[in-house]
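Taking it in order: structure first as structure tokens, then the write-up.
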Amino acid sequence: MSSTQFSFDVDDASFVLFDQLAVPEALGALERYADLDRDVYAATLAEGYRMARDVLAPLNRPGDRQGCRLDREGNVTTPDGYREAWERFRAGGWVGPRADPDLGGAGLPAVMGAVLNEMFSGACVGFNMYAGLTAAAARMVLKFAPEQWRRPVATKLFAGSWTGTMCLTESGAGSSVGDTRAVATPTETPGRWALEGEKIFITGGDCDLAENIVHLVLARTPGAPAGTKGLSLFLVPKRTFDDELRLGERNGAVVRGIEHKMGIHGSATCVLGLGGGRACHGWLMGGLHEGIGSMFHMMNEARIGVGVQGLAMGSAALQYSRAYARERVQGSAARELRNADAPRVAIVEHPDVRRMLLGQRAVVESMRAMCYRIARDFDLAEHGVDAAARERLAARIELMLPIVKAMCTDLGFEVAVTGLQIHGGYGYTAEFPIEQLVRDAKIQSIYEGTNGIQALDLLGRKLRIQGGRAFMEWVQDAGRATEEAAREGLEKPARALGEAARTVAGAAMALAERSTRRGPDAALQHAVSFLRAMGWVALGLESLDQARVAARTDTPRAAGKRCNLDFFVAQLLPLALAAVRAIESDDESCLQPEAV
Ligand SMILES: Cc1cc2nc3c(=O)[nH]c(=O)nc-3n(C[C@H](O)[C@H](O)[C@H](O)COP(=O)(O)OP(=O)(O)OC[C@H]3O[C@@H](n4cnc5c(N)ncnc54)[C@H](O)[C@@H]3O)c2cc1C
């Protein structure tokens with residue numbers, strides 16, 4: 001491990017995959033994944049790590065310094081080395097490893113996708129964004145594109161010969177997608193639409209990695225109802241193509257500018273003009289006015305993906321910080337305060353640095369479990385045989401999604417900030433990778449639905465799914481897990497977590513009642529506090545589960561996981577209780593006219 005070289009915690013990832021979540025056994029029971037045994041997962045992990053460490057990580061810093069460039073024709077050049085790395089990356093099958101083998105993929109499950117995403121994003125998130133969006137676009141194309149293009153275009157995308165984008169945001173339509181103004185009007189050619197408008201903040205809106213780009217664009221058709229109900233989804237290629245995928249003319253989806261951002265400089269964030277003097281053609285994907293429904297199809301996976309990006313920032317930060325704290329010598333032990341000749345020690349010896357390091361690890365390792373678990377459940381919900389179990393899992397995934405997205409991205413950033421603190425003054429300089437991680441991580445709490453919007457989704461929608469049953473089942477499962485852990489020798493932390501889960505359930509009731517009594521704003525002002533409270537408990541339950549599983553082995557890991565759990569319950573769980581106290585306070589000061 002080094003404080004400047006990327007590394008990935010293969011041991012802990014393997015522990016979560018094989019010991020805690022028993023992925024080979026759980027998924028091996030499904031026909032689709034029956035051939036994947038532990039050796040296949042372990043080999044993929046090792047192979048993916050080589051790609052992350054040897055090919056992607058070396059791009060991270062130079063790509064950050066150089067950024068992307070735009071020429072007058074709207075062509076984006078990615079940083080030096082990206083094209084060559086993309087060739088190796090795509091040739092290795094890493095753009096679409098989850099695709100079916102007959103579409104060029106390796107048929108891997110979502111949980112393995114999460115592991116790879118953690119590694120690749122940790123190594124170079126700016127690069128990996130092109131791959132993430134391309135794979136997401138491929139899955140949408142496969143489901144909603146005009147029939148004759150579905151498989152061939154998806155195959156091009158999964159292979160990384162073409163790339164893909166998601167075009168929702170406009171200057172007046174960010175969180176409020178229903179305010180989209182881009183329009184699509186039918187042309188004389190059946191099936192072909194003409195698009196006009198401007199999308200902003202489009203990741204990979206242009207790039208030089210592939211021969212063509214498929215933009216998936218939300219737009220409004222003439223006479224469509226207002227709001228999200230009137231939106232349709234269109235496939236808008238950079239270059240048009242025929243049914244044999246032979247490329248034709250340059251289409252009128254052209255980049256007008258690239259953003260100069262705080263981080264992820266290797267990822268081109270583009271203003272994408274549609275039409276405006278140059279014909280911009282698109283083809284309807286899915287039904288008319290069904291654009292938002294289609295987008296929801298990929299949104300769940302995208303939100304898990306961004307949660308994993310947050311985990312990746314935290315996990316890379318932990319690796320760098322741990323290495324730095326062992327290398328950096330400063331001062332002597334506190335007990336030697338009066339002895340000027342006392343030996344100098346590595347900063348890892350100082351209690352405050354140890355507090356920061358363990359805080360990072362307790363958070364990162366429970367986030368890893370949370371992310372891999374939701375991805376594994378996604379596989380079980382999609383391919384399981386028992387319909388009732390699938391339905392239950394699908395509801396659990398819906399409930400947990402805003403928590404995974406918001407907690408992991410907020411905490412990934414916080415872990416990176418703590419990492420910078422551990423580095424002291426050097427952390428603030430460009431000599432060490434930690435300052436870039438801080439800058440790269442911040443965006444994750446904003447895109448793919450800001451974390452404020454995630455909290456609204458949790459409180460306003462997800463707590464009510466199945467008439468509140470999914471949430472109550474989560475509370476009951478927490479009760480069961482903590483009782484079992486208490487019987488297995490983890491009584492004190494288990495009791496604290498069980499009590500905290502019940503407190504969160506009480507807060508949900510209080511907010512529902514407050515909303516009825518004093519109107520929605522009175523409850524929604526606490527949405528983030530509620531998400532945080534439930535999120536801390538959910539992460540704490542993962543820590544408890546890890547300690548339980550590790551305790552069955554007589555290894556150093558058992559003691560390490562127990563440290564994580566004790567730290568979590570003593571120092572992080574109180575944050576859940578503090579959030580509940582804020583909710584219970586009846587405070588409405590921010591809603592007063594004088595407040596802002
Ligand atoms: C680097 C980068 C890459 C991106 N990539 C893409 C991409 O590939 N495709 C794409 O379509 N978009 C992309 N985006 C756009 C991104 O998804 C939006 O920035 C995000 O959805 C927020 O929209 P906004 O910026 O307009 O902020 P706003 O919606 O204006 O939000 C500002 C603040 O107000 C809050 N807020 C807004 N509405 C409400 C409400 N109703 N209730 C409570 N709080 C509210 C928000 O939580 C936030 O704190 C990207 C953005 C960036 C910066």
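Residue numbering restarts at 1 in every chain; chains get A, B, ... in the order shown in the structure tokens, and ligands count up from 1 in that same order.
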Quick one: contact table of stretch 475-539 of chain A to stretch 438-459 of chain A, 12 Å max, nearest atom pair and distance in Å to one decimal per residue, counting only C-alpha atoms, chain and number order, as JSON lines?
{"residue": "A:Ala507", "atom": "CA", "partner": "A:Leu459", "partner_atom": "CA", "distance": 10.9}
{"residue": "A:Ala508", "atom": "CA", "partner": "A:Leu459", "partner_atom": "CA", "distance": 8.1}
{"residue": "A:Met509", "atom": "CA", "partner": "A:Leu459", "partner_atom": "CA", "distance": 10.9}
{"residue": "A:Ala510", "atom": "CA", "partner": "A:Leu459", "partner_atom": "CA", "distance": 11.8}
{"residue": "A:Leu511", "atom": "CA", "partner": "A:Leu459", "partner_atom": "CA", "distance": 8.7}
{"residue": "A:Ala512", "atom": "CA", "partner": "A:Leu459", "partner_atom": "CA", "distance": 8.9}
{"residue": "A:Ser515", "atom": "CA", "partner": "A:Leu459", "partner_atom": "CA", "distance": 10.7}
{"residue": "A:Pro520", "atom": "CA", "partner": "A:Leu459", "partner_atom": "CA", "distance": 10.5}
{"residue": "A:Asp521", "atom": "CA", "partner": "A:Leu456", "partner_atom": "CA", "distance": 10.8}
{"residue": "A:Ala523", "atom": "CA", "partner": "A:Leu459", "partner_atom": "CA", "distance": 8.7}
{"residue": "A:Leu524", "atom": "CA", "partner": "A:Leu456", "partner_atom": "CA", "distance": 6.8}
{"residue": "A:Gln525", "atom": "CA", "partner": "A:Leu456", "partner_atom": "CA", "distance": 9.2}
{"residue": "A:His526", "atom": "CA", "partner": "A:Ala455", "partner_atom": "CA", "distance": 8.8}
{"residue": "A:Ala527", "atom": "CA", "partner": "A:Ala455", "partner_atom": "CA", "distance": 5.1}
{"residue": "A:Val528", "atom": "CA", "partner": "A:Ala455", "partner_atom": "CA", "distance": 5.2}
{"residue": "A:Ser529", "atom": "CA", "partner": "A:Ala455", "partner_atom": "CA", "distance": 8.4}
{"residue": "A:Phe530", "atom": "CA", "partner": "A:Ala455", "partner_atom": "CA", "distance": 7.6}
{"residue": "A:Leu531", "atom": "CA", "partner": "A:Ala455", "partner_atom": "CA", "distance": 5.6}
{"residue": "A:Arg532", "atom": "CA", "partner": "A:Ala455", "partner_atom": "CA", "distance": 8.6}
{"residue": "A:Ala533", "atom": "CA", "partner": "A:Ala455", "partner_atom": "CA", "distance": 11.0}
{"residue": "A:Met534", "atom": "CA", "partner": "A:Leu458", "partner_atom": "CA", "distance": 10.0}
{"residue": "A:Gly535", "atom": "CA", "partner": "A:Ala455", "partner_atom": "CA", "distance": 10.5}
| task | Find the spatial neighbours of A:Phe432, counting only C-alpha atoms, within a cut-off of 8 Å - ignore same-chain residues fewer than 4 positions away - and output them as a ChimeraX atom specification. | result | /A:3-4,426-427
Dump N, CA, C and O atoms for the selected residues as a PDB file, in the first residue's frame?
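Listed below is the output, again_10.pdb:
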ATOM      1  N   SER A   3       0.817   5.816  -0.261  1.00  0.00           N
ATOM      2  CA  SER A   3      -0.068   6.981  -0.143  1.00  0.00           C
ATOM      3  C   SER A   3      -0.216   7.718  -1.464  1.00  0.00           C
ATOM      4  O   SER A   3      -0.944   8.697  -1.541  1.00  0.00           O
ATOM      5  N   THR A   4       0.481   7.266  -2.502  1.00  0.00           N
ATOM      6  CA  THR A   4       0.290   7.910  -3.804  1.00  0.00           C
ATOM      7  C   THR A   4      -0.147   6.931  -4.895  1.00  0.00           C
ATOM      8  O   THR A   4      -0.557   7.345  -5.968  1.00  0.00           O
ATOM      9  N   TYR A 426       0.087  18.536   3.503  1.00  0.00           N
ATOM     10  CA  TYR A 426       0.368  17.871   2.223  1.00  0.00           C
ATOM     11  C   TYR A 426      -0.914  17.430   1.521  1.00  0.00           C
ATOM     12  O   TYR A 426      -0.981  17.371   0.302  1.00  0.00           O
ATOM     13  N   GLY A 427      -1.928  17.141   2.316  1.00  0.00           N
ATOM     14  CA  GLY A 427      -3.195  16.723   1.720  1.00  0.00           C
ATOM     15  C   GLY A 427      -3.817  17.805   0.868  1.00  0.00           C
ATOM     16  O   GLY A 427      -4.547  17.534  -0.084  1.00  0.00           O
TER      17      GLY A 427
END
Ligand 1 neighbours within 8 Å using only C-alpha atoms and all ligand atoms, as an mmCIF file with all heavy atoms, in the first residue's frame:
data_model
loop_
_atom_site.group_PDB
_atom_site.id
_atom_site.type_symbol
_atom_site.label_atom_id
_atom_site.label_comp_id
_atom_site.auth_asym_id
_atom_site.auth_seq_id
_atom_site.Cartn_x
_atom_site.Cartn_y
_atom_site.Cartn_z
ATOM 1 N N LEU A 133 -22.086 5.178 -18.232
ATOM 2 C CA LEU A 133 -23.220 5.711 -18.995
ATOM 3 C C LEU A 133 -23.459 4.899 -20.259
ATOM 4 O O LEU A 133 -24.598 4.703 -20.679
ATOM 5 C CB LEU A 133 -22.998 7.179 -19.315
ATOM 6 C CG LEU A 133 -23.381 8.025 -18.100
ATOM 7 C CD1 LEU A 133 -22.543 9.268 -17.989
ATOM 8 C CD2 LEU A 133 -24.860 8.371 -18.131
ATOM 9 N N THR A 165 -25.078 8.293 -23.859
ATOM 10 C CA THR A 165 -25.309 9.356 -22.870
ATOM 11 C C THR A 165 -26.763 9.342 -22.417
ATOM 12 O O THR A 165 -27.619 8.729 -23.062
ATOM 13 C CB THR A 165 -25.040 10.763 -23.455
ATOM 14 O OG1 THR A 165 -26.114 11.096 -24.352
ATOM 15 C CG2 THR A 165 -23.706 10.844 -24.171
ATOM 16 N N MET A 166 -27.029 10.044 -21.337
ATOM 17 C CA MET A 166 -28.387 10.267 -20.829
ATOM 18 C C MET A 166 -28.625 11.766 -20.828
ATOM 19 O O MET A 166 -27.908 12.493 -20.124
ATOM 20 C CB MET A 166 -28.512 9.766 -19.385
ATOM 21 C CG MET A 166 -28.299 8.299 -19.230
ATOM 22 S SD MET A 166 -29.680 7.377 -19.912
ATOM 23 C CE MET A 166 -28.928 5.773 -19.976
ATOM 24 N N CYS A 167 -29.617 12.218 -21.574
ATOM 25 C CA CYS A 167 -29.819 13.667 -21.700
ATOM 26 C C CYS A 167 -31.162 14.067 -21.110
ATOM 27 O O CYS A 167 -32.190 14.059 -21.812
ATOM 28 C CB CYS A 167 -29.759 14.076 -23.166
ATOM 29 S SG CYS A 167 -28.253 13.546 -23.995
ATOM 30 N N LEU A 168 -31.143 14.424 -19.826
ATOM 31 C CA LEU A 168 -32.362 14.890 -19.165
ATOM 32 C C LEU A 168 -32.279 16.390 -18.894
ATOM 33 O O LEU A 168 -33.210 17.137 -19.183
ATOM 34 C CB LEU A 168 -32.553 14.168 -17.818
ATOM 35 C CG LEU A 168 -32.907 12.695 -17.824
ATOM 36 C CD1 LEU A 168 -31.702 11.824 -18.075
ATOM 37 C CD2 LEU A 168 -33.545 12.296 -16.510
ATOM 38 N N THR A 169 -31.162 16.815 -18.323
ATOM 39 C CA THR A 169 -31.092 18.150 -17.723
ATOM 40 C C THR A 169 -31.096 19.270 -18.764
ATOM 41 O O THR A 169 -30.449 19.174 -19.810
ATOM 42 C CB THR A 169 -29.816 18.241 -16.859
ATOM 43 O OG1 THR A 169 -29.815 17.145 -15.956
ATOM 44 C CG2 THR A 169 -29.769 19.538 -16.072
ATOM 45 N N GLU A 170 -31.833 20.341 -18.420
ATOM 46 C CA GLU A 170 -31.796 21.586 -19.192
ATOM 47 C C GLU A 170 -31.594 22.714 -18.196
ATOM 48 O O GLU A 170 -31.739 22.505 -16.979
ATOM 49 C CB GLU A 170 -33.116 21.783 -19.953
ATOM 50 C CG GLU A 170 -33.387 20.666 -20.937
ATOM 51 C CD GLU A 170 -34.727 20.830 -21.664
ATOM 52 O OE1 GLU A 170 -35.380 21.887 -21.509
ATOM 53 O OE2 GLU A 170 -35.108 19.894 -22.383
ATOM 54 N N SER A 171 -31.341 23.924 -18.694
ATOM 55 C CA SER A 171 -31.040 25.004 -17.744
ATOM 56 C C SER A 171 -32.226 25.240 -16.804
ATOM 57 O O SER A 171 -32.038 25.554 -15.643
ATOM 58 C CB SER A 171 -30.665 26.282 -18.484
ATOM 59 O OG SER A 171 -31.728 26.642 -19.328
ATOM 60 N N GLY A 172 -33.442 25.057 -17.289
ATOM 61 C CA GLY A 172 -34.608 25.265 -16.425
ATOM 62 C C GLY A 172 -35.215 23.965 -15.925
ATOM 63 O O GLY A 172 -36.311 23.957 -15.356
ATOM 64 N N ALA A 173 -34.560 22.874 -16.179
ATOM 65 C CA ALA A 173 -35.110 21.577 -15.781
ATOM 66 C C ALA A 173 -33.987 20.694 -15.247
ATOM 67 O O ALA A 173 -33.369 19.933 -15.978
ATOM 68 C CB ALA A 173 -35.797 20.901 -16.982
ATOM 69 N N GLY A 174 -33.699 20.862 -13.948
ATOM 70 C CA GLY A 174 -32.697 20.018 -13.295
ATOM 71 C C GLY A 174 -33.432 19.007 -12.444
ATOM 72 O O GLY A 174 -33.891 17.971 -12.941
ATOM 73 N N SER A 175 -33.619 19.333 -11.162
ATOM 74 C CA SER A 175 -34.395 18.434 -10.303
ATOM 75 C C SER A 175 -35.817 18.293 -10.837
ATOM 76 O O SER A 175 -36.453 17.254 -10.694
ATOM 77 C CB SER A 175 -34.448 18.988 -8.875
ATOM 78 O OG SER A 175 -33.150 19.118 -8.360
ATOM 79 N N SER A 176 -36.311 19.374 -11.454
ATOM 80 C CA SER A 176 -37.690 19.347 -11.951
ATOM 81 C C SER A 176 -37.697 18.951 -13.430
ATOM 82 O O SER A 176 -37.857 19.786 -14.324
ATOM 83 C CB SER A 176 -38.301 20.739 -11.759
ATOM 84 O OG SER A 176 -39.634 20.716 -12.164
ATOM 85 N N LYS A 199 -29.636 20.661 -24.105
ATOM 86 C CA LYS A 199 -29.421 19.915 -22.866
ATOM 87 C C LYS A 199 -28.109 20.401 -22.249
ATOM 88 O O LYS A 199 -27.162 20.725 -22.982
ATOM 89 C CB LYS A 199 -29.330 18.410 -23.162
ATOM 90 C CG LYS A 199 -30.632 17.822 -23.721
ATOM 91 C CD LYS A 199 -31.681 17.734 -22.648
ATOM 92 C CE LYS A 199 -33.026 17.278 -23.187
ATOM 93 N NZ LYS A 199 -34.049 17.156 -22.120
ATOM 94 N N ILE A 200 -28.070 20.424 -20.931
ATOM 95 C CA ILE A 200 -26.821 20.857 -20.284
ATOM 96 C C ILE A 200 -26.303 19.752 -19.365
ATOM 97 O O ILE A 200 -27.047 18.835 -19.012
ATOM 98 C CB ILE A 200 -26.995 22.166 -19.482
ATOM 99 C CG1 ILE A 200 -27.973 21.978 -18.313
ATOM 100 C CG2 ILE A 200 -27.456 23.302 -20.379
ATOM 101 C CD1 ILE A 200 -27.902 23.096 -17.280
ATOM 102 N N PHE A 201 -25.040 19.893 -18.984
ATOM 103 C CA PHE A 201 -24.399 18.957 -18.041
ATOM 104 C C PHE A 201 -24.419 17.513 -18.560
ATOM 105 O O PHE A 201 -24.610 16.573 -17.777
ATOM 106 C CB PHE A 201 -25.101 18.982 -16.675
ATOM 107 C CG PHE A 201 -24.983 20.269 -15.908
ATOM 108 C CD1 PHE A 201 -25.998 20.680 -15.044
ATOM 109 C CD2 PHE A 201 -23.851 21.049 -16.003
ATOM 110 C CE1 PHE A 201 -25.884 21.850 -14.299
ATOM 111 C CE2 PHE A 201 -23.725 22.228 -15.263
ATOM 112 C CZ PHE A 201 -24.747 22.624 -14.411
ATOM 113 N N ILE A 202 -24.283 17.322 -19.851
ATOM 114 C CA ILE A 202 -24.377 15.962 -20.379
ATOM 115 C C ILE A 202 -23.004 15.278 -20.352
ATOM 116 O O ILE A 202 -22.072 15.675 -21.070
ATOM 117 C CB ILE A 202 -24.969 15.965 -21.820
ATOM 118 C CG1 ILE A 202 -26.345 16.645 -21.797
ATOM 119 C CG2 ILE A 202 -25.053 14.545 -22.368
ATOM 120 C CD1 ILE A 202 -27.326 16.113 -20.751
ATOM 121 N N THR A 203 -22.925 14.249 -19.530
ATOM 122 C CA THR A 203 -21.673 13.509 -19.375
ATOM 123 C C THR A 203 -21.357 12.756 -20.666
ATOM 124 O O THR A 203 -22.208 12.007 -21.164
ATOM 125 C CB THR A 203 -21.788 12.513 -18.210
ATOM 126 O OG1 THR A 203 -22.052 13.251 -17.021
ATOM 127 C CG2 THR A 203 -20.520 11.697 -18.038
ATOM 128 N N GLY A 204 -20.171 12.980 -21.192
ATOM 129 C CA GLY A 204 -19.785 12.303 -22.440
ATOM 130 C C GLY A 204 -20.598 12.785 -23.628
ATOM 131 O O GLY A 204 -20.754 12.043 -24.604
ATOM 132 N N GLY A 205 -21.115 14.034 -23.574
ATOM 133 C CA GLY A 205 -21.930 14.598 -24.673
ATOM 134 C C GLY A 205 -21.193 14.516 -26.000
ATOM 135 O O GLY A 205 -21.801 14.442 -27.062
ATOM 136 N N LYS A 261 -15.049 22.453 -14.414
ATOM 137 C CA LYS A 261 -15.626 21.968 -13.169
ATOM 138 C C LYS A 261 -14.598 21.894 -12.045
ATOM 139 O O LYS A 261 -13.402 21.986 -12.254
ATOM 140 C CB LYS A 261 -16.193 20.556 -13.382
ATOM 141 C CG LYS A 261 -17.068 20.386 -14.608
ATOM 142 C CD LYS A 261 -17.734 19.029 -14.615
ATOM 143 C CE LYS A 261 -16.785 17.871 -14.785
ATOM 144 N NZ LYS A 261 -16.262 17.742 -16.151
ATOM 145 N N GLY A 263 -14.110 19.110 -10.312
ATOM 146 C CA GLY A 263 -13.428 17.813 -10.360
ATOM 147 C C GLY A 263 -13.854 17.030 -11.588
ATOM 148 O O GLY A 263 -14.386 17.595 -12.546
ATOM 149 N N ILE A 264 -13.620 15.729 -11.546
ATOM 150 C CA ILE A 264 -13.826 14.802 -12.672
ATOM 151 C C ILE A 264 -13.518 15.476 -14.026
ATOM 152 O O ILE A 264 -14.326 15.451 -14.944
ATOM 153 C CB ILE A 264 -15.210 14.109 -12.653
ATOM 154 C CG1 ILE A 264 -16.389 15.075 -12.589
ATOM 155 C CG2 ILE A 264 -15.312 13.098 -11.531
ATOM 156 C CD1 ILE A 264 -17.754 14.389 -12.910
ATOM 157 N N SER A 267 -13.833 13.659 -17.395
ATOM 158 C CA SER A 267 -15.178 13.379 -17.914
ATOM 159 C C SER A 267 -15.724 14.660 -18.534
ATOM 160 O O SER A 267 -15.850 15.680 -17.849
ATOM 161 C CB SER A 267 -16.079 12.915 -16.751
ATOM 162 O OG SER A 267 -17.420 12.889 -17.161
ATOM 163 N N THR A 269 -18.256 17.193 -19.497
ATOM 164 C CA THR A 269 -19.630 17.571 -19.122
ATOM 165 C C THR A 269 -20.054 18.653 -20.108
ATOM 166 O O THR A 269 -19.498 19.751 -20.097
ATOM 167 C CB THR A 269 -19.655 18.108 -17.677
ATOM 168 O OG1 THR A 269 -19.018 17.154 -16.830
ATOM 169 C CG2 THR A 269 -21.071 18.339 -17.203
ATOM 170 N N ILE A 443 -19.426 15.925 -6.605
ATOM 171 C CA ILE A 443 -20.547 15.930 -7.550
ATOM 172 C C ILE A 443 -21.550 14.795 -7.305
ATOM 173 O O ILE A 443 -22.728 14.884 -7.629
ATOM 174 C CB ILE A 443 -20.027 15.877 -9.012
ATOM 175 C CG1 ILE A 443 -21.193 15.906 -10.026
ATOM 176 C CG2 ILE A 443 -19.168 14.657 -9.268
ATOM 177 C CD1 ILE A 443 -22.095 17.085 -9.899
ATOM 178 N N ILE A 446 -24.857 15.332 -5.971
ATOM 179 C CA ILE A 446 -25.693 16.263 -6.747
ATOM 180 C C ILE A 446 -26.345 15.579 -7.940
ATOM 181 O O ILE A 446 -27.549 15.722 -8.167
ATOM 182 C CB ILE A 446 -24.837 17.475 -7.197
ATOM 183 C CG1 ILE A 446 -24.387 18.261 -5.956
ATOM 184 C CG2 ILE A 446 -25.621 18.375 -8.150
ATOM 185 C CD1 ILE A 446 -23.338 19.326 -6.229
ATOM 186 N N TYR A 447 -25.551 14.836 -8.721
ATOM 187 C CA TYR A 447 -26.216 14.247 -9.899
ATOM 188 C C TYR A 447 -26.971 12.961 -9.556
ATOM 189 O O TYR A 447 -26.870 12.463 -8.448
ATOM 190 C CB TYR A 447 -25.279 14.087 -11.095
ATOM 191 C CG TYR A 447 -23.999 13.282 -10.984
ATOM 192 C CD1 TYR A 447 -23.881 12.147 -10.218
ATOM 193 C CD2 TYR A 447 -22.896 13.676 -11.746
ATOM 194 C CE1 TYR A 447 -22.709 11.414 -10.191
ATOM 195 C CE2 TYR A 447 -21.710 12.950 -11.721
ATOM 196 C CZ TYR A 447 -21.634 11.814 -10.931
ATOM 197 O OH TYR A 447 -20.480 11.099 -10.917
ATOM 198 N N GLU A 448 -27.731 12.515 -10.541
ATOM 199 C CA GLU A 448 -28.609 11.336 -10.364
ATOM 200 C C GLU A 448 -29.613 11.571 -9.238
ATOM 201 O O GLU A 448 -29.909 10.690 -8.438
ATOM 202 C CB GLU A 448 -27.749 10.089 -10.103
ATOM 203 C CG GLU A 448 -28.383 8.766 -10.499
ATOM 204 C CD GLU A 448 -29.086 8.803 -11.830
ATOM 205 O OE1 GLU A 448 -28.453 9.098 -12.851
ATOM 206 O OE2 GLU A 448 -30.308 8.536 -11.843
ATOM 207 N N GLY A 449 -30.189 12.789 -9.214
ATOM 208 C CA GLY A 449 -31.127 13.177 -8.152
ATOM 209 C C GLY A 449 -30.327 13.663 -6.967
ATOM 210 O O GLY A 449 -29.648 12.857 -6.320
ATOM 211 N N THR A 450 -30.396 14.963 -6.666
ATOM 212 C CA THR A 450 -29.609 15.484 -5.535
ATOM 213 C C THR A 450 -29.999 14.713 -4.270
ATOM 214 O O THR A 450 -31.080 14.111 -4.198
ATOM 215 C CB THR A 450 -29.904 16.977 -5.277
ATOM 216 O OG1 THR A 450 -31.264 17.099 -4.834
ATOM 217 C CG2 THR A 450 -29.677 17.839 -6.508
ATOM 218 N N ASN A 451 -29.123 14.780 -3.277
ATOM 219 C CA ASN A 451 -29.430 14.023 -2.062
ATOM 220 C C ASN A 451 -30.639 14.597 -1.327
ATOM 221 O O ASN A 451 -31.328 13.875 -0.604
ATOM 222 C CB ASN A 451 -28.184 13.931 -1.177
ATOM 223 C CG ASN A 451 -27.187 12.945 -1.780
ATOM 224 O OD1 ASN A 451 -27.462 12.319 -2.812
ATOM 225 N ND2 ASN A 451 -26.039 12.799 -1.145
ATOM 226 N N GLY A 452 -30.909 15.883 -1.541
ATOM 227 C CA GLY A 452 -32.145 16.449 -1.001
ATOM 228 C C GLY A 452 -33.358 15.800 -1.655
ATOM 229 O O GLY A 452 -34.355 15.465 -0.987
ATOM 230 N N ILE A 453 -33.268 15.598 -2.956
ATOM 231 C CA ILE A 453 -34.378 14.963 -3.682
ATOM 232 C C ILE A 453 -34.507 13.490 -3.260
ATOM 233 O O ILE A 453 -35.611 12.949 -3.146
ATOM 234 C CB ILE A 453 -34.168 15.096 -5.218
ATOM 235 C CG1 ILE A 453 -34.179 16.574 -5.639
ATOM 236 C CG2 ILE A 453 -35.192 14.288 -6.000
ATOM 237 C CD1 ILE A 453 -35.499 17.298 -5.507
ATOM 238 N N LEU A 456 -36.515 13.465 -0.134
ATOM 239 C CA LEU A 456 -37.946 13.670 -0.408
ATOM 240 C C LEU A 456 -38.565 12.372 -0.926
ATOM 241 O O LEU A 456 -39.694 12.015 -0.577
ATOM 242 C CB LEU A 456 -38.150 14.750 -1.479
ATOM 243 C CG LEU A 456 -37.739 16.168 -1.152
ATOM 244 C CD1 LEU A 456 -38.162 17.110 -2.267
ATOM 245 C CD2 LEU A 456 -38.359 16.621 0.163
#
| field | Test item: residues at most 12 Å from stretch 25-27 of chain A, only C-alpha atoms, excluding those fewer than 4 positions along its chain, as a PyMOL selection string | value | chain A and resi 17-21+31-38+41+108-112+373+375-385
| query | To one decimal place, how far is atom CA of A:Asp554 from atom CA of A:Val23 in Å? | reply |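 Pair atom CA of A:Asp554 / atom CA of A:Val23 returns 21.7 Å.
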| A:Lys229, A:Arg480, A:Arg239, A:His265 ranked by distance to A:Ser294, top pick (using only C-alpha atoms) | A:Lys229
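Neighbours of stretch 335-339 of chain A closer than or equal to 12 Å, with only C-alpha atoms counted and sequence neighbours fewer than 3 positions away skipped, come out as Gly331, Ser332, Ala342, Pro343, Arg344, Val345, Glu349, His350 and Pro351 of chain A.
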